[in-house]
>>> print(open('target-v2.csv').read())   # CSV, C-alpha atoms and all ligand atoms
chain,number,residue,atom,x,y,z
A,1,MET,CA,105.2,107.6,109.1
A,2,VAL,CA,106.8,104.9,111.1
A,3,VAL,CA,110.3,103.5,110.7
A,4,VAL,CA,110.9,100.0,112.0
A,5,MET,CA,114.5,99.2,112.8
A,6,SER,CA,115.8,95.7,112.4
A,7,PRO,CA,116.6,93.7,115.6
A,8,ASP,CA,120.4,94.1,115.0
A,9,ALA,CA,120.3,97.9,114.4
A,10,THR,CA,122.8,99.8,116.4
A,11,ASP,CA,122.3,103.0,118.4
A,12,GLU,CA,124.3,104.8,115.7
A,13,ASP,CA,121.8,103.5,113.0
A,14,VAL,CA,118.9,104.9,115.1
A,15,ALA,CA,120.7,108.2,115.6
A,16,HIS,CA,121.4,108.4,111.9
A,17,VAL,CA,117.7,108.1,111.0
A,18,VAL,CA,116.8,110.8,113.6
A,19,GLU,CA,119.5,113.1,112.2
A,20,LYS,CA,118.2,112.7,108.6
A,21,VAL,CA,114.6,113.4,109.7
A,22,GLU,CA,115.5,116.4,111.7
A,23,ALA,CA,117.7,117.8,108.9
A,24,VAL,CA,114.5,118.1,106.7
A,25,GLY,CA,112.6,119.8,109.5
A,26,GLY,CA,110.8,116.7,110.8
A,27,GLU,CA,110.5,115.4,114.3
A,28,ALA,CA,111.5,111.8,115.3
A,29,PHE,CA,110.1,110.0,118.3
A,30,VAL,CA,112.2,106.9,119.3
A,31,SER,CA,110.5,104.0,121.1
A,32,LYS,CA,112.9,101.2,122.1
A,33,GLY,CA,111.2,97.9,122.3
A,34,VAL,CA,112.5,94.6,123.7
A,35,VAL,CA,113.4,93.3,120.3
A,36,ARG,CA,113.4,96.3,118.0
A,37,THR,CA,113.3,100.1,117.9
A,38,ILE,CA,110.5,102.0,116.2
A,39,ILE,CA,110.8,105.6,115.2
A,40,GLY,CA,107.6,107.7,114.7
A,41,LEU,CA,108.0,110.6,112.2
A,42,VAL,CA,106.0,113.8,112.3
A,43,GLY,CA,106.3,116.4,109.5
A,44,ASP,CA,106.1,116.8,105.8
A,45,ILE,CA,105.7,113.3,104.3
A,46,GLU,CA,107.0,114.3,100.9
A,47,SER,CA,110.3,115.5,102.4
A,48,PHE,CA,110.6,112.1,104.2
A,49,HIS,CA,110.1,110.3,100.9
A,50,HIS,CA,113.1,112.0,99.4
A,51,LEU,CA,115.3,110.6,102.3
A,52,ASN,CA,114.9,107.1,101.0
A,53,LEU,CA,114.8,105.9,104.6
A,54,ARG,CA,114.4,102.3,103.6
A,55,THR,CA,118.0,102.3,102.2
A,56,LEU,CA,119.6,103.5,105.5
A,57,PRO,CA,121.6,101.0,107.6
A,58,GLY,CA,119.5,99.2,110.2
A,59,VAL,CA,116.1,100.1,108.7
A,60,ALA,CA,113.9,97.1,108.3
A,61,ASP,CA,110.7,98.8,107.0
A,62,VAL,CA,108.9,102.1,106.6
A,63,HIS,CA,105.1,102.4,106.9
A,64,ARG,CA,102.9,105.3,106.2
A,65,ILE,CA,100.0,105.6,108.5
A,66,SER,CA,98.1,108.6,107.0
A,67,ASP,CA,96.3,108.2,103.7
A,68,PRO,CA,98.3,109.4,100.6
A,69,TYR,CA,95.3,111.3,99.5
A,70,LYS,CA,94.2,114.2,101.7
A,71,LEU,CA,91.3,116.2,100.3
A,72,VAL,CA,89.1,113.1,99.5
A,73,SER,CA,90.1,111.2,102.7
A,74,ARG,CA,87.8,110.9,105.8
A,75,GLN,CA,90.8,111.5,107.9
A,76,HIS,CA,90.4,115.2,107.1
A,77,HIS,CA,86.7,115.3,106.5
A,78,ALA,CA,84.9,112.7,108.7
A,79,GLU,CA,81.4,113.4,107.5
A,80,ARG,CA,80.4,111.7,104.2
A,81,SER,CA,79.7,114.3,101.5
A,82,THR,CA,76.6,114.9,99.3
A,83,VAL,CA,77.2,116.1,95.7
A,84,TRP,CA,74.4,118.1,94.0
A,85,VAL,CA,73.8,117.6,90.3
A,86,GLY,CA,71.7,119.9,88.1
A,87,PRO,CA,70.9,123.5,87.6
A,88,GLN,CA,70.1,125.8,90.5
A,89,GLY,CA,66.6,125.2,91.7
A,90,ALA,CA,66.5,121.5,90.6
A,91,GLN,CA,69.6,119.8,92.1
A,92,VAL,CA,69.6,116.1,92.6
A,93,PRO,CA,71.6,114.8,95.6
A,94,ILE,CA,74.1,111.9,95.5
A,95,GLY,CA,75.1,111.1,99.1
A,96,PRO,CA,74.7,109.1,102.2
A,97,ASP,CA,71.0,109.6,103.0
A,98,THR,CA,69.6,109.1,99.5
A,99,PHE,CA,69.7,106.6,96.6
A,100,THR,CA,70.2,108.1,93.2
A,101,PHE,CA,69.1,106.2,90.1
A,102,MET,CA,70.7,107.3,86.8
A,103,ALA,CA,69.8,105.7,83.5
A,104,GLY,CA,70.1,106.3,79.8
A,105,PRO,CA,71.6,105.1,76.6
A,106,CYS,CA,75.2,104.1,76.4
A,107,ALA,CA,75.6,106.5,73.4
A,108,VAL,CA,73.5,109.3,72.0
A,109,GLU,CA,72.6,108.1,68.5
A,110,THR,CA,69.6,110.2,67.4
A,111,PRO,CA,67.3,112.8,69.0
A,112,GLU,CA,64.4,110.3,68.9
A,113,GLN,CA,66.5,107.4,70.4
A,114,THR,CA,67.8,109.7,73.2
A,115,LEU,CA,64.4,111.2,74.0
A,116,ALA,CA,62.8,107.7,74.0
A,117,ALA,CA,65.6,106.4,76.4
A,118,ALA,CA,65.1,109.4,78.6
A,119,HIS,CA,61.3,108.8,78.9
A,120,MET,CA,62.1,105.1,79.7
A,121,ALA,CA,64.6,106.2,82.4
A,122,ARG,CA,62.2,108.8,83.9
A,123,SER,CA,59.3,106.4,84.0
A,124,ALA,CA,61.5,103.8,85.8
A,125,GLY,CA,62.3,106.4,88.4
A,126,ALA,CA,65.6,107.8,87.3
A,127,THR,CA,66.4,111.3,88.3
A,128,ILE,CA,69.6,111.8,86.2
A,129,LEU,CA,70.0,111.0,82.5
A,130,ARG,CA,73.2,109.4,81.2
A,131,GLY,CA,74.3,109.3,77.6
A,132,GLY,CA,77.6,109.4,75.8
A,133,ALA,CA,78.3,112.0,73.1
A,134,PHE,CA,82.0,111.4,73.1
A,135,LYS,CA,82.6,107.6,73.3
A,136,PRO,CA,85.9,106.2,74.4
A,137,ARG,CA,85.9,103.0,72.2
A,138,THR,CA,88.5,100.3,72.5
A,139,SER,CA,88.5,100.0,68.7
A,140,PRO,CA,89.2,103.0,66.5
A,141,TYR,CA,86.8,101.5,64.0
A,142,ALA,CA,83.8,101.5,66.4
A,143,PHE,CA,81.2,104.3,66.6
A,144,GLN,CA,83.0,107.2,68.3
A,145,GLY,CA,79.9,109.1,69.3
A,146,LEU,CA,78.2,112.2,67.8
A,147,GLY,CA,80.4,114.7,69.6
A,148,LEU,CA,79.1,118.2,69.7
A,149,ALA,CA,75.9,117.2,67.9
A,150,GLY,CA,75.3,114.6,70.6
A,151,LEU,CA,75.8,117.3,73.3
A,152,ARG,CA,73.1,119.4,71.6
A,153,ILE,CA,70.7,116.4,71.6
A,154,LEU,CA,71.3,115.9,75.3
A,155,ALA,CA,70.7,119.6,76.0
A,156,ASP,CA,67.4,119.4,74.1
A,157,VAL,CA,66.4,116.2,75.9
A,158,ARG,CA,67.1,117.8,79.3
A,159,ALA,CA,64.9,120.8,78.3
A,160,ALA,CA,62.2,118.4,77.3
A,161,THR,CA,62.3,116.1,80.3
A,162,GLY,CA,63.9,118.1,83.1
A,163,LEU,CA,66.5,115.4,83.8
A,164,PRO,CA,70.0,116.6,84.5
A,165,ILE,CA,72.6,115.1,82.2
A,166,VAL,CA,75.8,113.2,83.0
A,167,THR,CA,78.0,112.7,79.9
A,168,GLU,CA,81.6,111.6,79.3
A,169,VAL,CA,84.5,113.8,78.4
A,170,VAL,CA,87.5,111.9,76.8
A,171,ASP,CA,89.8,114.7,75.9
A,172,ALA,CA,90.9,117.7,78.0
A,173,ARG,CA,90.4,120.0,75.0
A,174,ASP,CA,86.7,119.2,75.1
A,175,VAL,CA,86.1,119.9,78.7
A,176,PRO,CA,84.8,123.5,78.2
A,177,VAL,CA,82.2,122.5,75.6
A,178,VAL,CA,81.0,119.4,77.5
A,179,ALA,CA,80.8,121.5,80.7
A,180,GLU,CA,78.7,124.1,78.8
A,181,HIS,CA,76.1,121.4,77.9
A,182,ALA,CA,76.2,118.9,80.7
A,183,ASP,CA,75.4,119.0,84.5
A,184,MET,CA,78.0,116.4,85.4
A,185,LEU,CA,81.2,115.4,83.6
A,186,GLN,CA,82.0,111.7,83.4
A,187,VAL,CA,85.6,110.4,83.3
A,188,GLY,CA,85.5,106.8,82.1
A,189,THR,CA,87.5,103.8,83.1
A,190,ARG,CA,90.0,104.2,80.2
A,191,ASN,CA,90.8,107.8,81.4
A,192,MET,CA,91.0,107.4,85.1
A,193,ALA,CA,94.7,107.9,85.1
A,194,ASN,CA,94.7,110.7,82.5
A,195,PHE,CA,96.0,113.3,84.9
A,196,GLY,CA,95.7,116.2,82.5
A,197,LEU,CA,92.0,115.4,81.9
A,198,LEU,CA,91.5,115.0,85.7
A,199,GLN,CA,93.0,118.5,86.3
A,200,ALA,CA,90.9,119.9,83.4
A,201,VAL,CA,87.6,118.6,84.9
A,202,GLY,CA,88.8,119.8,88.3
A,203,ASP,CA,88.9,123.3,86.8
A,204,ALA,CA,85.5,123.0,85.0
A,205,GLY,CA,83.3,123.9,88.0
A,206,LYS,CA,80.8,121.0,87.4
A,207,PRO,CA,80.4,117.8,89.4
A,208,VAL,CA,82.5,114.9,88.1
A,209,LEU,CA,81.6,111.2,87.9
A,210,LEU,CA,84.9,109.4,88.2
A,211,LYS,CA,84.8,105.7,87.1
A,212,ARG,CA,87.3,103.3,88.5
A,213,GLY,CA,90.1,102.3,86.1
A,214,MET,CA,89.5,98.7,85.1
A,215,THR,CA,92.9,97.7,86.5
A,216,ALA,CA,93.1,100.3,89.2
A,217,THR,CA,93.4,99.7,92.9
A,218,ILE,CA,91.1,101.6,95.2
A,219,GLU,CA,94.1,103.7,96.4
A,220,GLU,CA,95.0,104.6,92.8
A,221,TRP,CA,91.3,105.5,92.1
A,222,LEU,CA,91.2,107.8,95.2
A,223,MET,CA,94.5,109.4,94.1
A,224,ALA,CA,92.8,110.1,90.8
A,225,ALA,CA,90.0,111.8,92.7
A,226,GLU,CA,92.6,113.8,94.6
A,227,TYR,CA,93.8,115.2,91.3
A,228,ILE,CA,90.3,116.7,90.7
A,229,ALA,CA,89.9,117.8,94.3
A,230,GLN,CA,93.3,119.5,94.3
A,231,ARG,CA,92.0,121.9,91.6
A,232,GLY,CA,89.3,123.0,94.1
A,233,ASN,CA,86.6,120.7,92.9
A,234,LEU,CA,85.3,118.5,95.7
A,235,ASP,CA,82.1,117.6,93.9
A,236,VAL,CA,83.4,114.2,92.8
A,237,VAL,CA,81.3,111.0,92.8
A,238,LEU,CA,83.1,107.7,92.4
A,239,CYS,CA,81.7,104.9,90.2
A,240,GLU,CA,82.6,101.2,90.6
A,241,ARG,CA,82.1,99.7,87.2
A,242,GLY,CA,83.9,96.3,87.5
A,243,ILE,CA,87.6,95.4,87.2
A,244,ARG,CA,89.5,93.0,85.0
A,245,THR,CA,90.0,89.6,86.4
A,246,PHE,CA,90.6,86.1,85.0
A,247,GLU,CA,86.8,85.5,84.9
A,248,PRO,CA,85.4,85.5,81.3
A,249,SER,CA,81.7,85.0,81.9
A,250,THR,CA,81.1,88.7,82.7
A,251,ARG,CA,82.6,91.6,80.8
A,252,ASN,CA,84.3,92.7,84.1
A,253,THR,CA,84.1,91.5,87.7
A,254,LEU,CA,82.0,93.9,89.8
A,255,ASP,CA,84.0,94.6,93.0
A,256,ILE,CA,81.1,95.0,95.3
A,257,SER,CA,83.3,95.3,98.3
A,258,ALA,CA,84.8,98.5,96.9
A,259,VAL,CA,81.7,100.3,98.0
A,260,PRO,CA,82.2,99.9,101.8
A,261,VAL,CA,86.0,100.0,101.5
A,262,VAL,CA,85.7,103.4,99.8
A,263,GLN,CA,83.1,104.6,102.2
A,264,ALA,CA,85.4,103.8,105.1
A,265,THR,CA,88.3,105.7,103.7
A,266,SER,CA,86.8,108.6,101.6
A,267,HIS,CA,84.0,111.0,102.2
A,268,LEU,CA,83.1,111.0,98.5
A,269,PRO,CA,79.8,109.4,97.4
A,270,ILE,CA,80.1,106.1,95.5
A,271,ILE,CA,77.7,104.6,92.9
A,272,VAL,CA,77.7,101.3,91.0
A,273,ASP,CA,77.5,100.7,87.2
A,274,PRO,CA,76.1,97.2,86.9
A,275,SER,CA,75.7,97.5,83.1
A,276,HIS,CA,79.4,98.0,82.3
A,277,ALA,CA,80.4,95.7,85.0
A,278,ALA,CA,78.5,92.7,83.7
A,279,GLY,CA,78.0,93.6,80.0
A,280,ARG,CA,74.9,91.4,80.1
A,281,LYS,CA,71.4,92.6,80.7
A,282,ASP,CA,70.3,89.5,82.7
A,283,LEU,CA,72.8,90.5,85.4
A,284,VAL,CA,71.9,94.1,85.7
A,285,VAL,CA,68.9,93.6,88.1
A,286,PRO,CA,70.7,91.2,90.5
A,287,LEU,CA,73.8,93.4,90.6
A,288,SER,CA,71.7,96.5,91.2
A,289,ARG,CA,70.0,94.8,94.2
A,290,ALA,CA,73.5,93.9,95.5
A,291,ALA,CA,74.6,97.5,95.0
A,292,ILE,CA,71.7,98.8,97.0
A,293,ALA,CA,72.2,96.2,99.8
A,294,VAL,CA,75.9,96.9,100.1
A,295,GLY,CA,75.2,100.6,100.7
A,296,ALA,CA,75.9,102.3,97.3
A,297,ASP,CA,74.7,105.9,97.0
A,298,GLY,CA,73.2,105.2,93.6
A,299,ILE,CA,73.4,103.2,90.4
A,300,ILE,CA,73.9,104.1,86.7
A,301,VAL,CA,72.3,101.8,84.2
A,302,ASP,CA,72.1,101.5,80.4
A,303,VAL,CA,68.6,101.6,78.8
A,304,HIS,CA,67.8,101.7,75.1
A,305,PRO,CA,64.5,101.7,73.2
A,306,THR,CA,65.8,99.2,70.6
A,307,PRO,CA,68.9,97.4,72.0
A,308,GLU,CA,69.2,95.3,68.9
A,309,THR,CA,70.0,98.4,66.8
A,310,ALA,CA,72.2,100.1,69.5
A,311,LEU,CA,75.5,101.4,68.1
A,312,CYS,CA,77.2,100.7,71.4
A,313,ASP,CA,76.7,98.1,74.3
A,314,GLY,CA,73.2,96.8,73.1
A,315,PRO,CA,73.6,93.5,75.0
A,316,GLN,CA,73.6,95.2,78.4
A,317,ALA,CA,70.8,97.7,77.8
A,318,LEU,CA,67.5,97.2,79.6
A,319,LEU,CA,64.0,97.7,78.3
A,320,GLY,CA,60.5,96.3,78.9
A,321,ASN,CA,60.1,93.8,81.7
A,322,ASP,CA,63.7,94.0,82.8
A,323,LEU,CA,63.5,97.7,83.3
A,324,ARG,CA,60.2,97.3,85.2
A,325,GLU,CA,61.9,94.8,87.4
A,326,LEU,CA,64.7,97.2,88.1
A,327,ALA,CA,62.3,100.0,88.8
A,328,THR,CA,60.6,97.9,91.4
A,329,ALA,CA,63.9,97.0,93.1
A,330,VAL,CA,65.0,100.7,93.1
A,331,ARG,CA,61.6,101.7,94.6
A,332,ARG,CA,61.5,99.0,97.3
A,333,LEU,CA,65.0,98.2,98.4
A,334,PRO,CA,66.7,101.5,99.3
A,335,PRO,CA,64.2,102.3,102.1
A,336,VAL,CA,65.0,98.9,103.6
A,337,VAL,CA,68.6,100.1,104.0
A,338,GLY,CA,67.6,103.6,105.3
A,339,ARG,CA,67.8,105.5,102.0
A,340,VAL,CA,65.3,107.9,100.5
A,341,ASP,CA,64.8,108.2,96.8
A,342,ALA,CA,66.9,111.2,95.6
A,343,GLY,CA,63.9,112.4,93.7
A,344,GLU,CA,62.2,113.2,97.0
A,345,ARG,CA,65.2,115.4,98.1
A,346,ILE,CA,65.7,117.6,95.1
A,347,ARG,CA,67.0,121.0,96.2
A,348,THR,CA,64.7,123.7,94.8
A,349,ALA,CA,66.1,126.7,96.6
B,401,LIG,C1,80.1,104.4,79.8
B,401,LIG,O1,79.6,104.6,80.9
B,401,LIG,O2,79.6,104.8,78.7
B,401,LIG,C2,81.5,103.8,79.7
B,401,LIG,C3,82.2,103.8,78.5
B,401,LIG,O3,81.8,103.2,80.8
B,401,LIG,P1,83.3,102.7,81.3
B,401,LIG,O4,84.2,103.9,81.2
B,401,LIG,O5,83.0,102.3,82.7
B,401,LIG,O6,83.7,101.6,80.4
B,402,MN,MN,78.9,101.7,77.3
>>> encode(input="target-v2.csv", output="structure tokens")
Amino acid sequence: MVVVMSPDATDEDVAHVVEKVEAVGGEAFVSKGVVRTIIGLVGDIESFHHLNLRTLPGVADVHRISDPYKLVSRQHHAERSTVWVGPQGAQVPIGPDTFTFMAGPCAVETPEQTLAAAHMARSAGATILRGGAFKPRTSPYAFQGLGLAGLRILADVRAATGLPIVTEVVDARDVPVVAEHADMLQVGTRNMANFGLLQAVGDAGKPVLLKRGMTATIEEWLMAAEYIAQRGNLDVVLCERGIRTFEPSTRNTLDISAVPVVQATSHLPIIVDPSHAAGRKDLVVPLSRAAIAVGADGIIVDVHPTPETALCDGPQALLGNDLRELATAVRRLPPVVGRVDAGERIRTA
């Protein structure tokens, strides 16, 4: 942390800051410049916060130089991480060397619909199946998901296809049952700042897919990841899914620059959800290409055998030619940016 004194600060003002810092066990290094004095602080940052240094006489500004998140920061873990998803002997990587394609229906509706969507996903090259059993709907009148029955369908479809499952958990009380059925727990945009839920998924012992809150800054998002990591679970994958802006032509605005920004500051893998970002199927392929080009570690895409009957997010679900076009992009483009298909790096040991 650095304290910048104002040009008219007195020696007493400087001494006062040093005294306060030393009183809480910190060290203060004073550099006198021509115009102003700067004091570098070393020690416990939380105890410095309690000093309210900004309110002291002669203090112009206080800057923190280390990241407020520790466990997910590259400052403490320089190498980018790989998170492995799936049962022992069939784990799919999500990380810096590979490109992981996840696809599936927005919501689990019936066994037939889920199995059909899983076959579509797998034929298109996906190695992880998505599908919501508990749906966090903006309207209380909208389809809320099948709950436990949906989890059972997902487990059956995993058994039938071999695809590991990522599914959302919306309530801390459901974490044990979701963790029992799924390979990866998803925390959605509406719950990114539900700290009790973050701690509960941190305790669950399964990898977590943490979507960005639709109004969250990148720093807030990484602090949310820190809540999970703090419970001893570093298997967190971030998912950029668009943020709310003034632009109404898409459901959200995909913040594509979040990918390299996150990769520069955090070691956690980051994927992109072009379906929930755009809310329109015609934009899913171009945004997926952009995600691959910008260096995302994967994408997660909605597919549905009959989007016109979908109980949730039909307008953004791919099938047919659109899905074939996506499959081609996902096969051809990652190698151009030095990525191997995650399906080729499945850990069997
Ligand atoms: C979803 O992936 O099904 C979902 C609800 O996404 P988001 O939380 O990004 O809206
Ligand atoms: Mn959805």
>>> residues_around(input="target-v2.csv", residues="A:Val72", least_positions_apart="6", cutoff="9 Å", atoms="only C-alpha atoms", output="JSON list (two decimals) with C-alpha atoms, keeping the file's coordinate frame")
[["chain", "number", "residue", "atom", "x", "y", "z"],
["A", 222, "LEU", "CA", 91.20, 107.80, 95.20],
["A", 223, "MET", "CA", 94.50, 109.40, 94.10],
["A", 225, "ALA", "CA", 90.00, 111.80, 92.70],
["A", 226, "GLU", "CA", 92.60, 113.80, 94.60],
["A", 229, "ALA", "CA", 89.90, 117.80, 94.30],
["A", 234, "LEU", "CA", 85.30, 118.50, 95.70],
["A", 236, "VAL", "CA", 83.40, 114.20, 92.80],
["A", 265, "THR", "CA", 88.30, 105.70, 103.70],
["A", 266, "SER", "CA", 86.80, 108.60, 101.60],
["A", 267, "HIS", "CA", 84.00, 111.00, 102.20],
["A", 268, "LEU", "CA", 83.10, 111.00, 98.50]]
>>> residues_around(input="target-v2.csv", residues="stretch 80-83 of chain A", least_positions_apart="6", cutoff="12 Å", atoms="all atoms listed in the file", output="ChimeraX atom specification")
/A:71-74,91-100,183-184,206-209,233-238,262-271,297-298,342,345-347
>>> closest_atom_pairs(input="target-v2.csv", of="chain A", to="ligand LIG 401 (chain B)", cutoff="10 Å", atoms="only C-alpha atoms and all ligand atoms", output="Markdown table")
| residue | atom | partner | partner_atom | distance |
| --- | --- | --- | --- | --- |
| A:Gly104 | CA | B:LIG401 | O2 | 9.7 |
| A:Pro105 | CA | B:LIG401 | O2 | 8.3 |
| A:Cys106 | CA | B:LIG401 | O2 | 5.0 |
| A:Ala107 | CA | B:LIG401 | O2 | 6.9 |
| A:Arg130 | CA | B:LIG401 | O1 | 8.0 |
| A:Gly131 | CA | B:LIG401 | O2 | 7.0 |
| A:Gly132 | CA | B:LIG401 | O2 | 5.8 |
| A:Ala133 | CA | B:LIG401 | O2 | 9.2 |
| A:Phe134 | CA | B:LIG401 | O2 | 9.0 |
| A:Lys135 | CA | B:LIG401 | C3 | 6.5 |
| A:Pro136 | CA | B:LIG401 | C3 | 6.0 |
| A:Arg137 | CA | B:LIG401 | C3 | 7.3 |
| A:Thr138 | CA | B:LIG401 | O6 | 9.3 |
| A:Val166 | CA | B:LIG401 | O1 | 9.6 |
| A:Thr167 | CA | B:LIG401 | O2 | 8.1 |
| A:Glu168 | CA | B:LIG401 | O2 | 7.1 |
| A:Val170 | CA | B:LIG401 | O4 | 9.7 |
| A:Gln186 | CA | B:LIG401 | O1 | 7.9 |
| A:Val187 | CA | B:LIG401 | O4 | 7.0 |
| A:Gly188 | CA | B:LIG401 | O4 | 3.3 |
| A:Thr189 | CA | B:LIG401 | O4 | 3.8 |
| A:Arg190 | CA | B:LIG401 | O4 | 5.9 |
| A:Asn191 | CA | B:LIG401 | O4 | 7.7 |
| A:Met192 | CA | B:LIG401 | O4 | 8.6 |
| A:Leu209 | CA | B:LIG401 | O1 | 9.8 |
| A:Leu210 | CA | B:LIG401 | O4 | 8.9 |
| A:Lys211 | CA | B:LIG401 | O5 | 5.8 |
| A:Arg212 | CA | B:LIG401 | O5 | 7.3 |
| A:Gly213 | CA | B:LIG401 | O4 | 7.8 |
| A:Met214 | CA | B:LIG401 | O5 | 7.8 |
| A:Cys239 | CA | B:LIG401 | O5 | 8.0 |
| A:Glu240 | CA | B:LIG401 | O5 | 8.0 |
| A:Arg241 | CA | B:LIG401 | O5 | 5.3 |
| A:Gly242 | CA | B:LIG401 | O5 | 7.7 |
| A:Ile243 | CA | B:LIG401 | O5 | 9.4 |
| A:Asn252 | CA | B:LIG401 | O6 | 9.7 |
| A:Val272 | CA | B:LIG401 | O5 | 9.9 |
| A:Asp273 | CA | B:LIG401 | O5 | 7.3 |
| A:Pro274 | CA | B:LIG401 | O5 | 9.6 |
| A:Ser275 | CA | B:LIG401 | O1 | 8.4 |
| A:His276 | CA | B:LIG401 | O5 | 5.6 |
| A:Ala277 | CA | B:LIG401 | O5 | 7.5 |
| A:Gly279 | CA | B:LIG401 | O6 | 9.8 |
| A:Ile300 | CA | B:LIG401 | O1 | 8.1 |
| A:Val301 | CA | B:LIG401 | O1 | 8.5 |
| A:Asp302 | CA | B:LIG401 | O1 | 8.1 |
| A:Cys312 | CA | B:LIG401 | O2 | 8.7 |
| A:Asp313 | CA | B:LIG401 | O2 | 8.5 |
>>> atom_distance(input="target-v2.csv", atom1="atom CA of A:Val178", atom2="atom CA of A:Ile228")
16.4 Å
>>> atom_distance(input="target-v2.csv", atom1="atom CA of A:Leu185", atom2="atom CA of A:Arg152")
15.0 Å
>>> atom_distance(input="target-v2.csv", atom1="atom CA of A:Val330", atom2="atom CA of A:Gln88")
25.7 Å
>>> residues_around(input="target-v2.csv", residues="stretch 49-54 of chain A", least_positions_apart="5", cutoff="8 Å", atoms="only C-alpha atoms", output="PyMOL selection string")
chain A and resi 3+17+20-21+59-62
>>> closest_residue(input="target-v2.csv", among="A:Phe143, A:Gly295, A:Glu219, A:Phe246", to="ligand MN 402 (chain B)", atoms="all atoms listed in the file")
A:Phe143
>>> residues_around(input="target-v2.csv", residues="stretch 28-38 of chain A", least_positions_apart="4", cutoff="8 Å", atoms="all atoms listed in the file", output="list in words")
Val2, Val3, Val4, Met5, Ser6, Pro7, Asp8, Ala9, Val14, Val18, Val21, Glu22 and Val42 of chain A
>>> write_last_selection(input="target-v2.csv", atoms="C-alpha atoms", output="JSON list (two decimals), keeping the file's coordinate frame")
[["chain", "number", "residue", "atom", "x", "y", "z"],
["A", 2, "VAL", "CA", 106.80, 104.90, 111.10],
["A", 3, "VAL", "CA", 110.30, 103.50, 110.70],
["A", 4, "VAL", "CA", 110.90, 100.00, 112.00],
["A", 5, "MET", "CA", 114.50, 99.20, 112.80],
["A", 6, "SER", "CA", 115.80, 95.70, 112.40],
["A", 7, "PRO", "CA", 116.60, 93.70, 115.60],
["A", 8, "ASP", "CA", 120.40, 94.10, 115.00],
["A", 9, "ALA", "CA", 120.30, 97.90, 114.40],
["A", 14, "VAL", "CA", 118.90, 104.90, 115.10],
["A", 18, "VAL", "CA", 116.80, 110.80, 113.60],
["A", 21, "VAL", "CA", 114.60, 113.40, 109.70],
["A", 22, "GLU", "CA", 115.50, 116.40, 111.70],
["A", 42, "VAL", "CA", 106.00, 113.80, 112.30]]
>>> closest_residue(input="target-v2.csv", among="A:Arg231, A:Arg289, A:Arg251, A:Arg158", to="ligand MN 402 (chain B)", atoms="only C-alpha atoms and all ligand atoms")
A:Arg251
>>> closest_residue(input="target-v2.csv", among="A:Leu115, A:Asn321, A:Asp11, A:Arg280", to="ligand MN 402 (chain B)", atoms="all atoms listed in the file")
A:Arg280
>>> closest_residue(input="target-v2.csv", among="A:Gly58, A:Gly43, A:Pro87, A:Ser66", to="A:His181", atoms="only C-alpha atoms")
A:Pro87
>>> closest_residue(input="target-v2.csv", among="A:Thr348, A:Thr55, A:Thr217, A:Gln144", to="ligand MN 402 (chain B)", atoms="all atoms listed in the file")
A:Gln144
>>> closest_residue(input="target-v2.csv", among="A:Ala278, A:Glu308, A:Ala224, A:Ala193", to="ligand MN 402 (chain B)", atoms="only C-alpha atoms and all ligand atoms")
A:Ala278
